[in-house]
Amino acid sequence: MTKLDFDIINQFDNVGNEIYKLIEELFPICRSITGNGVRKSLKIIQNQIPIQIKEVPSGEKVYDWEIPKEWNIDNAYIKNSKGEKIVDFQKSNLHVISYSKPINGKFTLEELKKHLHSLPEYPEQIPYLTSYYNEDWGFCISDKQLKNLQNDEYEVKIDSELKNGSLTYGELVIPGKSEERILLSCYICHPSMCNDNLTGVTLLTLLAKYLKDKELEYTYHFLFIPETIGAITWLSQNENVVSKIKCGLVATCLGDSGISTYKKTKNGNSIIDQIVKKVLDESGSKFKIVDFFPSGSDERQFSSLGFDLEIGSLMKTMYGEFSEYHTSADNLEFINANSLHDSFKKYLNVILILENKKIYRNLNPKCEPQLGKRGIYRLIGSQKNEDLDELAILWVLNMSDGINSLLDISERSGLNFLQIKKASQTLFEKNLLELV
Amino acid sequence: MTKLDFDIINQFDNVGNEIYKLIEELFPICRSITGNGVRKSLKIIQNQIPIQIKEVPSGEKVYDWEIPKEWNIDNAYIKNSKGEKIVDFQKSNLHVISYSKPINGKFTLEELKKHLHSLPEYPEQIPYLTSYYNEDWGFCISDKQLKNLQNDEYEVKIDSELKNGSLTYGELVIPGKSEERILLSCYICHPSMCNDNLTGVTLLTLLAKYLKDKELEYTYHFLFIPETIGAITWLSQNENVVSKIKCGLVATCLGDSGISTYKKTKNGNSIIDQIVKKVLDESGSKFKIVDFFPSGSDERQFSSLGFDLEIGSLMKTMYGEFSEYHTSADNLEFINANSLHDSFKKYLNVILILENKKIYRNLNPKCEPQLGKRGIYRLIGSQKNEDLDELAILWVLNMSDGINSLLDISERSGLNFLQIKKASQTLFEKNLLELV
Amino acid sequence: MTKLDFDIINQFDNVGNEIYKLIEELFPICRSITGNGVRKSLKIIQNQIPIQIKEVPSGEKVYDWEIPKEWNIDNAYIKNSKGEKIVDFQKSNLHVISYSKPINGKFTLEELKKHLHSLPEYPEQIPYLTSYYNEDWGFCISDKQLKNLQNDEYEVKIDSELKNGSLTYGELVIPGKSEERILLSCYICHPSMCNDNLTGVTLLTLLAKYLKDKELEYTYHFLFIPETIGAITWLSQNENVVSKIKCGLVATCLGDSGISTYKKTKNGNSIIDQIVKKVLDESGSKFKIVDFFPSGSDERQFSSLGFDLEIGSLMKTMYGEFSEYHTSADNLEFINANSLHDSFKKYLNVILILENKKIYRNLNPKCEPQLGKRGIYRLIGSQKNEDLDELAILWVLNMSDGINSLLDISERSGLNFLQIKKASQTLFEKNLLELV
């Protein structure tokens, strides 16, 4: 096992491409909140990291909810009276409303239209819709196609199955020195869309792959779950773990070319908020911070009153804020390896700061120690020693009272966390600090 | 008795005109801090609402002060040597300094000028002056008239009377479920001026008229008092009531065409400050918030150190900030029914929020409850249900911990109070909340 | 002994010139952290105020440091092969690196250059350098001269002496009613430079000269010490005094023509921060406030973790922020009497507020007292009494609860401290306040 070190950040030149490749592999699969698409996706992730795959049977109670029937689909289409497939599930799995019950019949255009959905604002895009808890069926098509449909008799087939089965999710715990856990969660229930949320799934996969062989301070808990029902299921079956969760992030929308967005925890000033803000500040790029709100992804459940976990969400452009969101336009062209690389580095930096925000006590608290005689101060007054970061050294001495962490010192001084960490390392080696 | 409900806000299309009409009736009367003008004005208010009229005898001690002699005036004028009335109390009661002692004599211009007051900055306006605690006499005239006065012998008459009598004020208590009181105070001592303060007097009259038949949570305590001495008198004689006062407003300057102004309580972040700020935010119109300062109207006394009551003042343009202030230009043309209507609605909204800022406890605090099966969530994911305000529902669930009120939730979410109230109502009816 | 009064602020028309004259007298002396230059400078200060001059022997331990050898220098030069003095200590004592060991020899240009220092950014200026804790020698010259030096054999002489002796500093304690001390510190170790820091030395000298015969609330502790080692020495030998220090200022860079700059205490909102901010606000001129940072002058030591004293620094342009800093350009032309006068007045105002920020209790807390019958309110309502500052009177009454000081009242009201002080004086004389 090797130590986790800041230098490592430069070892990931290719990580954007690796993530992108994994997304390409996962993209064609038709996932939903249950079913074989989820199982197949989790198997692909298992090729990278040793996740445990869990199955929870249909009908099981999870708080106010119960695990729904399992849904699988083989095929679906709409044919016109000439027998031409005008809508074909094989071309895009977004064409079928997720959890559509099986159907096989003939419909006039008027009858059919009650089951057709489109997006007039984006006439080229197929929308993504679901009907998990209300048995129904339907197709999603582009508004352009909808408007061109002729009066005709249409043959409609959905070859799906809704039956007792199970809900499937993946989980990986990477142990650290402390029992305290960092929750890193993503949702694996969306069919062929990239930014939302194959980017979150694959970024966490590669992050876990890297962390699993490292000496860690905290225990890292990765979740690959169906959104909402998966979070509710996991929480209801893991209440004993909840009290150990220090903080965490929901990973989503990490590959588009927009600026980074951070959705704060409900608390708004928790340790994860401070760290992500620091990482974004130090990135040198523009970013956006939005307050918590109780819709969105699984932070809704993690931050519900009964848990109030400190879970934020670090993204590129936030869900709902890009026009490709929840449509067929959220495809492999919409994301890119550079953005994925940048998002990965930010997640890694968050973890590096988490792991390194130590607390020291200055062993020489009255006045400054004589740094010059220890070789850590310029020899000639008024000349700058380019090798030493004297101001960082002075800040660490001035604030290391056994309470302030290196993160606090970095925040107050406005100096980079890494500068502060290096200064503390130097002072520690010179026996001027002790670790608290 | 009917319940006080938000829908009611639309029942008041004509209230601006009603208030204006009442101002027209009160305008001609010569009021002061004591005397028959106050009594006559309170009788007119009594035609609308069952105020009690109280009399406190001259000479009675009220804290550091004592009730002054009662002042009444029948007539006053200045005649030139041709016998022409050049200044006539019958034309404007502002012409005589309030509490002028009786006088009857002949004066040269030079002698007379010592008793003449004008406003050089506003040469057309007659100023409003008082001399309650220093026996004197004087006339107020326009600066234009003052500058045109010729050397002449002038006959001066003030037919007034200063004698032991009493100080008169009006009071109305509308009981609610709680003993806690909301103080709504205005001053009835100013003679023929409209914005300051017949607008406050009449707006509170109509507000009390509406509230008196409603089921109320709080007890509403209305005061119609002479400024300063009236507040001091009431406080000194009602110390037992003071501890029951939760918060309140001094109503003044509510009919000009300026934007709303709120003068905060001394505390600056009390419940009434939060509510008024919310009402102004939601009004969609510009407004101005000013910090407390210890001059102004009766909030000076209510906020004195010995009481420190949480009393703000919701106005249109603040006293002292309009050029018509304390002059004959503060007349029936200076105010209008639209502004009075708007001010009335704001006062009513303040009371609606006060009455409805309930506290609930989420009975299903772990994760969200399944709203779909209760019919309060869209059936097809990713489609918006226009009838339901899902975000408001999620905020109420997320924050109803038995401590946060609906007002707190409205503030944090940035959603309208009414949206939040409706969401809580829906959830309460579905047994997802309990009232604390 | 006379009382310290605000009126005094106008007695100092000539103080800028007096300070400037004293700077002229001190300017030519070659000072360092030890040696006869410091002794001679302190004697000149002793002509103005009765400072005690202390000597601490070389080798004595002071916390992590020890008192260095004493350094004295008589002469130094560089001659070219024609015997011309091309660098001469008699012309500028900045030419020799402070604490240079004695040297006498011949050098090629190449050898000599290892010991020559210049400032390429400011080619006309001689830099100021020191080598206190690393035995070495060197010359500082303008970059222009450095670039013009020819290949030649140079005769180099530094007639200096490094031997056991002592560190010298000056101290003056002006007692007040309270044992609580206000620390006013400056450093006397810089050779011929004006803004940094003969301005600090002389301003404090004149301030002490004025204060020493006054009745004072606090005890004022003046230090004239060598920077860093002097502060460390004084702290290590005066730990018993440290707990009595309420707050203080380091005086430096007070004579250039820039705007005032205040470097806050580490706490950032201590009493001295509030007062200096008030003085700057009321000055009517632009100013700049910078947060504490642990480099700079002796606030580094006073604010080290073991002491955490509340010491700020009130300057004109801050050290390091002007291009003349630590060079021969920080000379008598760089500073002026007007700026010194302005800085002196600000220091005096700080002390005036410190001495006068009393706390009163309103003896008539329920409602306002009747000010009119006591002659401290306008007689005719709505007319302004120009002599009385009624708003200040109302603020003092409203906030004098035995906890808020006059400074708090001045801050909250936005009124000048002097207005508030005068209002409190009036109310105190009328028996409406008691002193807490």
# chains A, B, ... in the order shown; residues from 1 in each chain; ligands from 1
$ residues_around --residues "stretch 305-310 of chain A" --least-positions-apart "4" --cutoff "7 Å" --atoms "only C-alpha atoms" --output "PyMOL selection string"
(chain A and resi 247-248+265-267+270) or (chain B and resi 365-366+398-399+401)
$ closest_atom_pairs --of "chain C" --to "chain A" --cutoff "9 Å" --atoms "only C-alpha atoms" --output "CSV"
residue,atom,partner,partner_atom,distance
C:Tyr63,CA,A:Lys366,CA,7.3
C:Asp64,CA,A:Pro369,CA,5.4
C:Trp65,CA,A:Gln370,CA,6.0
C:Ile97,CA,A:Ile380,CA,8.8
C:Pro127,CA,A:Ser382,CA,8.8
C:Tyr128,CA,A:Ser382,CA,7.4
C:Leu129,CA,A:Gly381,CA,5.6
C:Thr130,CA,A:Gly381,CA,4.9
C:Ser131,CA,A:Ile380,CA,4.8
C:Tyr132,CA,A:Ile380,CA,7.8
C:Tyr133,CA,A:Gly372,CA,7.3
C:Asn134,CA,A:Leu379,CA,6.4
C:Thr228,CA,A:Glu368,CA,8.8
C:Ala231,CA,A:Cys367,CA,8.5
C:Ile232,CA,A:Cys367,CA,6.2
C:Leu235,CA,A:Cys367,CA,8.3
C:Ser236,CA,A:Lys366,CA,8.4
C:Phe293,CA,A:Ser413,CA,7.4
C:Pro294,CA,A:Leu394,CA,5.8
C:Ser295,CA,A:Leu391,CA,6.7
C:Arg300,CA,A:Cys367,CA,7.5
C:Gln301,CA,A:Cys367,CA,4.5
C:Phe302,CA,A:Cys367,CA,7.1
C:Ser303,CA,A:Asn398,CA,7.8
C:Ser304,CA,A:Cys367,CA,5.2
C:Leu305,CA,A:Pro365,CA,5.0
C:Gly306,CA,A:Lys366,CA,4.3
C:Phe307,CA,A:Lys366,CA,6.5
C:His326,CA,A:Ser382,CA,7.8
$ residues_around --residues "A:Lys263" --least-positions-apart "3" --cutoff "12 Å" --atoms "only C-alpha atoms" --output "JSON, numbers by chain"
{"A": [248, 249, 250, 251, 252, 260, 266, 267, 268, 269, 272, 273, 276, 277, 287, 288, 289, 290, 291, 292, 293, 294, 295, 296, 297, 299, 300, 310, 311, 312, 313, 314, 315, 316, 317, 318, 319]}
$ select_by_dssp --residues "stretch 122-347 of chain A" --states "strand (DSSP E)" --output "PDB file with N, CA and C atoms, in the first residue's frame"
ATOM      1  N   PHE A 139     -44.541   5.994 -25.724  1.00  0.00           N
ATOM      2  CA  PHE A 139     -43.339   6.173 -26.531  1.00  0.00           C
ATOM      3  C   PHE A 139     -42.918   7.646 -26.499  1.00  0.00           C
ATOM      4  N   CYS A 140     -41.624   7.859 -26.604  1.00  0.00           N
ATOM      5  CA  CYS A 140     -41.092   9.214 -26.699  1.00  0.00           C
ATOM      6  C   CYS A 140     -40.471   9.365 -28.075  1.00  0.00           C
ATOM      7  N   GLU A 153     -53.278   3.431 -39.572  1.00  0.00           N
ATOM      8  CA  GLU A 153     -53.430   2.446 -38.503  1.00  0.00           C
ATOM      9  C   GLU A 153     -52.023   2.003 -38.129  1.00  0.00           C
ATOM     10  N   TYR A 154     -51.703   2.104 -36.855  1.00  0.00           N
ATOM     11  CA  TYR A 154     -50.343   1.824 -36.405  1.00  0.00           C
ATOM     12  C   TYR A 154     -50.317   0.536 -35.602  1.00  0.00           C
ATOM     13  N   GLU A 155     -49.278  -0.223 -35.835  1.00  0.00           N
ATOM     14  CA  GLU A 155     -49.076  -1.438 -35.047  1.00  0.00           C
ATOM     15  C   GLU A 155     -48.064  -1.099 -33.958  1.00  0.00           C
ATOM     16  N   VAL A 156     -48.458  -1.332 -32.747  1.00  0.00           N
ATOM     17  CA  VAL A 156     -47.612  -0.961 -31.619  1.00  0.00           C
ATOM     18  C   VAL A 156     -47.239  -2.198 -30.840  1.00  0.00           C
ATOM     19  N   LYS A 157     -45.952  -2.330 -30.570  1.00  0.00           N
ATOM     20  CA  LYS A 157     -45.530  -3.474 -29.764  1.00  0.00           C
ATOM     21  C   LYS A 157     -44.513  -3.023 -28.727  1.00  0.00           C
ATOM     22  N   ILE A 158     -44.759  -3.390 -27.474  1.00  0.00           N
ATOM     23  CA  ILE A 158     -43.726  -3.252 -26.437  1.00  0.00           C
ATOM     24  C   ILE A 158     -43.562  -4.630 -25.833  1.00  0.00           C
ATOM     25  N   ASP A 159     -42.377  -5.198 -26.034  1.00  0.00           N
ATOM     26  CA  ASP A 159     -42.112  -6.550 -25.542  1.00  0.00           C
ATOM     27  C   ASP A 159     -41.365  -6.438 -24.215  1.00  0.00           C
ATOM     28  N   SER A 160     -42.132  -6.031 -23.193  1.00  0.00           N
ATOM     29  CA  SER A 160     -41.513  -5.842 -21.876  1.00  0.00           C
ATOM     30  C   SER A 160     -42.158  -6.781 -20.883  1.00  0.00           C
ATOM     31  N   GLU A 161     -41.618  -6.805 -19.690  1.00  0.00           N
ATOM     32  CA  GLU A 161     -42.106  -7.704 -18.653  1.00  0.00           C
ATOM     33  C   GLU A 161     -42.000  -6.989 -17.305  1.00  0.00           C
ATOM     34  N   LEU A 162     -43.067  -7.039 -16.543  1.00  0.00           N
ATOM     35  CA  LEU A 162     -43.092  -6.464 -15.191  1.00  0.00           C
ATOM     36  C   LEU A 162     -43.453  -7.581 -14.242  1.00  0.00           C
ATOM     37  N   LYS A 163     -42.501  -8.007 -13.424  1.00  0.00           N
ATOM     38  CA  LYS A 163     -42.808  -9.149 -12.544  1.00  0.00           C
ATOM     39  C   LYS A 163     -41.964  -9.054 -11.277  1.00  0.00           C
ATOM     40  N   SER A 166     -36.045  -8.235  -8.459  1.00  0.00           N
ATOM     41  CA  SER A 166     -35.333  -7.503  -7.409  1.00  0.00           C
ATOM     42  C   SER A 166     -34.769  -6.190  -7.932  1.00  0.00           C
ATOM     43  N   LEU A 167     -34.376  -5.374  -6.969  1.00  0.00           N
ATOM     44  CA  LEU A 167     -33.668  -4.122  -7.256  1.00  0.00           C
ATOM     45  C   LEU A 167     -32.188  -4.410  -7.027  1.00  0.00           C
ATOM     46  N   THR A 168     -31.355  -3.972  -7.970  1.00  0.00           N
ATOM     47  CA  THR A 168     -29.938  -4.306  -7.948  1.00  0.00           C
ATOM     48  C   THR A 168     -29.106  -3.043  -7.733  1.00  0.00           C
ATOM     49  N   TYR A 169     -28.123  -3.121  -6.843  1.00  0.00           N
ATOM     50  CA  TYR A 169     -27.204  -1.974  -6.731  1.00  0.00           C
ATOM     51  C   TYR A 169     -25.803  -2.456  -6.397  1.00  0.00           C
ATOM     52  N   GLY A 170     -24.830  -1.576  -6.575  1.00  0.00           N
ATOM     53  CA  GLY A 170     -23.436  -1.908  -6.315  1.00  0.00           C
ATOM     54  C   GLY A 170     -22.875  -1.059  -5.181  1.00  0.00           C
ATOM     55  N   GLU A 171     -21.897  -1.602  -4.481  1.00  0.00           N
ATOM     56  CA  GLU A 171     -21.376  -0.948  -3.281  1.00  0.00           C
ATOM     57  C   GLU A 171     -19.917  -1.332  -3.122  1.00  0.00           C
ATOM     58  N   LEU A 172     -19.085  -0.366  -2.732  1.00  0.00           N
ATOM     59  CA  LEU A 172     -17.674  -0.669  -2.472  1.00  0.00           C
ATOM     60  C   LEU A 172     -17.209   0.164  -1.286  1.00  0.00           C
ATOM     61  N   VAL A 173     -16.651  -0.514  -0.286  1.00  0.00           N
ATOM     62  CA  VAL A 173     -16.114   0.186   0.883  1.00  0.00           C
ATOM     63  C   VAL A 173     -14.597   0.037   0.869  1.00  0.00           C
ATOM     64  N   ILE A 174     -13.889   1.164   0.808  1.00  0.00           N
ATOM     65  CA  ILE A 174     -12.423   1.139   0.855  1.00  0.00           C
ATOM     66  C   ILE A 174     -12.015   1.614   2.241  1.00  0.00           C
ATOM     67  N   ARG A 181     -16.687   7.773   7.569  1.00  0.00           N
ATOM     68  CA  ARG A 181     -16.831   7.457   6.151  1.00  0.00           C
ATOM     69  C   ARG A 181     -17.114   8.690   5.315  1.00  0.00           C
ATOM     70  N   ILE A 182     -16.571   8.636   4.113  1.00  0.00           N
ATOM     71  CA  ILE A 182     -16.870   9.629   3.093  1.00  0.00           C
ATOM     72  C   ILE A 182     -17.747   8.918   2.076  1.00  0.00           C
ATOM     73  N   LEU A 183     -18.971   9.439   1.892  1.00  0.00           N
ATOM     74  CA  LEU A 183     -19.924   8.811   0.984  1.00  0.00           C
ATOM     75  C   LEU A 183     -19.772   9.396  -0.416  1.00  0.00           C
ATOM     76  N   LEU A 184     -19.558   8.526  -1.396  1.00  0.00           N
ATOM     77  CA  LEU A 184     -19.480   8.973  -2.795  1.00  0.00           C
ATOM     78  C   LEU A 184     -20.506   8.172  -3.566  1.00  0.00           C
ATOM     79  N   SER A 185     -21.548   8.861  -4.009  1.00  0.00           N
ATOM     80  CA  SER A 185     -22.714   8.162  -4.540  1.00  0.00           C
ATOM     81  C   SER A 185     -23.030   8.613  -5.958  1.00  0.00           C
ATOM     82  N   CYS A 186     -23.479   7.649  -6.775  1.00  0.00           N
ATOM     83  CA  CYS A 186     -23.963   7.998  -8.109  1.00  0.00           C
ATOM     84  C   CYS A 186     -25.151   7.096  -8.436  1.00  0.00           C
ATOM     85  N   TYR A 187     -25.890   7.446  -9.473  1.00  0.00           N
ATOM     86  CA  TYR A 187     -27.077   6.655  -9.821  1.00  0.00           C
ATOM     87  C   TYR A 187     -26.881   5.998 -11.170  1.00  0.00           C
ATOM     88  N   LYS A 214      -4.545   2.529  -1.706  1.00  0.00           N
ATOM     89  CA  LYS A 214      -3.807   3.568  -0.988  1.00  0.00           C
ATOM     90  C   LYS A 214      -4.049   3.487   0.527  1.00  0.00           C
ATOM     91  N   GLU A 215      -3.044   3.954   1.263  1.00  0.00           N
ATOM     92  CA  GLU A 215      -3.203   4.158   2.709  1.00  0.00           C
ATOM     93  C   GLU A 215      -4.091   5.375   2.907  1.00  0.00           C
ATOM     94  N   THR A 219     -12.460   6.129   5.667  1.00  0.00           N
ATOM     95  CA  THR A 219     -13.052   5.025   4.920  1.00  0.00           C
ATOM     96  C   THR A 219     -13.957   5.625   3.830  1.00  0.00           C
ATOM     97  N   TYR A 220     -13.800   5.122   2.617  1.00  0.00           N
ATOM     98  CA  TYR A 220     -14.564   5.664   1.484  1.00  0.00           C
ATOM     99  C   TYR A 220     -15.642   4.667   1.091  1.00  0.00           C
ATOM    100  N   HIS A 221     -16.864   5.165   1.029  1.00  0.00           N
ATOM    101  CA  HIS A 221     -18.017   4.314   0.771  1.00  0.00           C
ATOM    102  C   HIS A 221     -18.637   4.729  -0.562  1.00  0.00           C
ATOM    103  N   PHE A 222     -18.480   3.870  -1.572  1.00  0.00           N
ATOM    104  CA  PHE A 222     -18.999   4.170  -2.916  1.00  0.00           C
ATOM    105  C   PHE A 222     -20.332   3.464  -3.132  1.00  0.00           C
ATOM    106  N   LEU A 223     -21.303   4.198  -3.674  1.00  0.00           N
ATOM    107  CA  LEU A 223     -22.613   3.622  -3.991  1.00  0.00           C
ATOM    108  C   LEU A 223     -22.929   3.795  -5.473  1.00  0.00           C
ATOM    109  N   PHE A 224     -23.365   2.719  -6.102  1.00  0.00           N
ATOM    110  CA  PHE A 224     -23.850   2.742  -7.497  1.00  0.00           C
ATOM    111  C   PHE A 224     -25.291   2.248  -7.446  1.00  0.00           C
ATOM    112  N   ILE A 225     -26.221   3.172  -7.320  1.00  0.00           N
ATOM    113  CA  ILE A 225     -27.603   2.831  -6.972  1.00  0.00           C
ATOM    114  C   ILE A 225     -28.598   3.448  -7.949  1.00  0.00           C
ATOM    115  N   ILE A 245     -21.008   8.427   8.703  1.00  0.00           N
ATOM    116  CA  ILE A 245     -20.743   9.235   7.506  1.00  0.00           C
ATOM    117  C   ILE A 245     -20.405  10.664   7.910  1.00  0.00           C
ATOM    118  N   LYS A 246     -19.210  11.074   7.555  1.00  0.00           N
ATOM    119  CA  LYS A 246     -18.743  12.419   7.897  1.00  0.00           C
ATOM    120  C   LYS A 246     -19.297  13.430   6.890  1.00  0.00           C
ATOM    121  N   CYS A 247     -19.211  13.089   5.637  1.00  0.00           N
ATOM    122  CA  CYS A 247     -19.678  13.974   4.584  1.00  0.00           C
ATOM    123  C   CYS A 247     -19.607  13.209   3.271  1.00  0.00           C
ATOM    124  N   GLY A 248     -19.971  13.856   2.186  1.00  0.00           N
ATOM    125  CA  GLY A 248     -19.899  13.148   0.918  1.00  0.00           C
ATOM    126  C   GLY A 248     -20.344  13.998  -0.245  1.00  0.00           C
ATOM    127  N   LEU A 249     -20.330  13.352  -1.399  1.00  0.00           N
ATOM    128  CA  LEU A 249     -20.715  14.022  -2.641  1.00  0.00           C
ATOM    129  C   LEU A 249     -21.573  13.091  -3.479  1.00  0.00           C
ATOM    130  N   VAL A 250     -22.541  13.650  -4.177  1.00  0.00           N
ATOM    131  CA  VAL A 250     -23.254  12.926  -5.223  1.00  0.00           C
ATOM    132  C   VAL A 250     -22.613  13.335  -6.554  1.00  0.00           C
ATOM    133  N   SER A 260     -17.496  24.346 -13.644  1.00  0.00           N
ATOM    134  CA  SER A 260     -17.889  23.518 -12.500  1.00  0.00           C
ATOM    135  C   SER A 260     -18.969  24.218 -11.683  1.00  0.00           C
ATOM    136  N   THR A 261     -19.896  23.414 -11.180  1.00  0.00           N
ATOM    137  CA  THR A 261     -20.969  23.905 -10.316  1.00  0.00           C
ATOM    138  C   THR A 261     -20.944  23.085  -9.042  1.00  0.00           C
ATOM    139  N   TYR A 262     -21.061  23.736  -7.914  1.00  0.00           N
ATOM    140  CA  TYR A 262     -21.154  23.006  -6.655  1.00  0.00           C
ATOM    141  C   TYR A 262     -22.480  23.342  -5.990  1.00  0.00           C
ATOM    142  N   LYS A 263     -23.232  22.313  -5.717  1.00  0.00           N
ATOM    143  CA  LYS A 263     -24.470  22.476  -4.942  1.00  0.00           C
ATOM    144  C   LYS A 263     -24.147  22.168  -3.495  1.00  0.00           C
ATOM    145  N   PHE A 287     -16.233  29.225 -11.607  1.00  0.00           N
ATOM    146  CA  PHE A 287     -17.130  28.183 -11.097  1.00  0.00           C
ATOM    147  C   PHE A 287     -18.375  28.861 -10.535  1.00  0.00           C
ATOM    148  N   LYS A 288     -19.315  28.027 -10.123  1.00  0.00           N
ATOM    149  CA  LYS A 288     -20.600  28.528  -9.652  1.00  0.00           C
ATOM    150  C   LYS A 288     -20.957  27.730  -8.407  1.00  0.00           C
ATOM    151  N   ILE A 289     -21.414  28.404  -7.374  1.00  0.00           N
ATOM    152  CA  ILE A 289     -21.850  27.679  -6.182  1.00  0.00           C
ATOM    153  C   ILE A 289     -23.327  27.980  -5.972  1.00  0.00           C
ATOM    154  N   VAL A 290     -24.122  26.934  -5.835  1.00  0.00           N
ATOM    155  CA  VAL A 290     -25.560  27.142  -5.618  1.00  0.00           C
ATOM    156  C   VAL A 290     -25.936  26.583  -4.254  1.00  0.00           C
ATOM    157  N   ILE A 311     -24.015  16.200   2.546  1.00  0.00           N
ATOM    158  CA  ILE A 311     -23.718  15.717   1.204  1.00  0.00           C
ATOM    159  C   ILE A 311     -23.927  16.841   0.201  1.00  0.00           C
ATOM    160  N   GLY A 312     -22.892  17.194  -0.501  1.00  0.00           N
ATOM    161  CA  GLY A 312     -22.984  18.184  -1.574  1.00  0.00           C
ATOM    162  C   GLY A 312     -22.961  17.498  -2.925  1.00  0.00           C
ATOM    163  N   SER A 313     -22.906  18.290  -3.980  1.00  0.00           N
ATOM    164  CA  SER A 313     -22.828  17.704  -5.304  1.00  0.00           C
ATOM    165  C   SER A 313     -21.940  18.570  -6.185  1.00  0.00           C
ATOM    166  N   LEU A 314     -20.843  17.960  -6.635  1.00  0.00           N
ATOM    167  CA  LEU A 314     -19.896  18.687  -7.487  1.00  0.00           C
ATOM    168  C   LEU A 314     -20.082  18.232  -8.927  1.00  0.00           C
ATOM    169  N   MET A 315     -20.457  19.170  -9.782  1.00  0.00           N
ATOM    170  CA  MET A 315     -20.823  18.871 -11.166  1.00  0.00           C
ATOM    171  C   MET A 315     -20.076  19.788 -12.133  1.00  0.00           C
TER     172      MET A 315
END
$ select_by_dssp --residues "stretch 179-217 of chain A" --states "alpha helix (DSSP H)" --output "list in words"
Thr199, Gly200, Val201, Thr202, Leu203, Leu204, Thr205, Leu206, Leu207, Ala208, Lys209, Tyr210 and Leu211 of chain A
$ atom_distance --atom1 "atom CA of C:Thr108" --atom2 "atom CA of C:Tyr77"
15.2 Å
$ closest_residue --among "A:Thr327, A:Asn72, A:Thr199, A:Gln11" --to "A:Thr34" --atoms "only C-alpha atoms"
A:Asn72
$ atom_distance --atom1 "atom CA of C:Lys209" --atom2 "atom CA of C:Glu227"
22.6 Å
$ atom_distance --atom1 "atom CA of B:Glu179" --atom2 "atom CA of B:Asp298"
22.9 Å
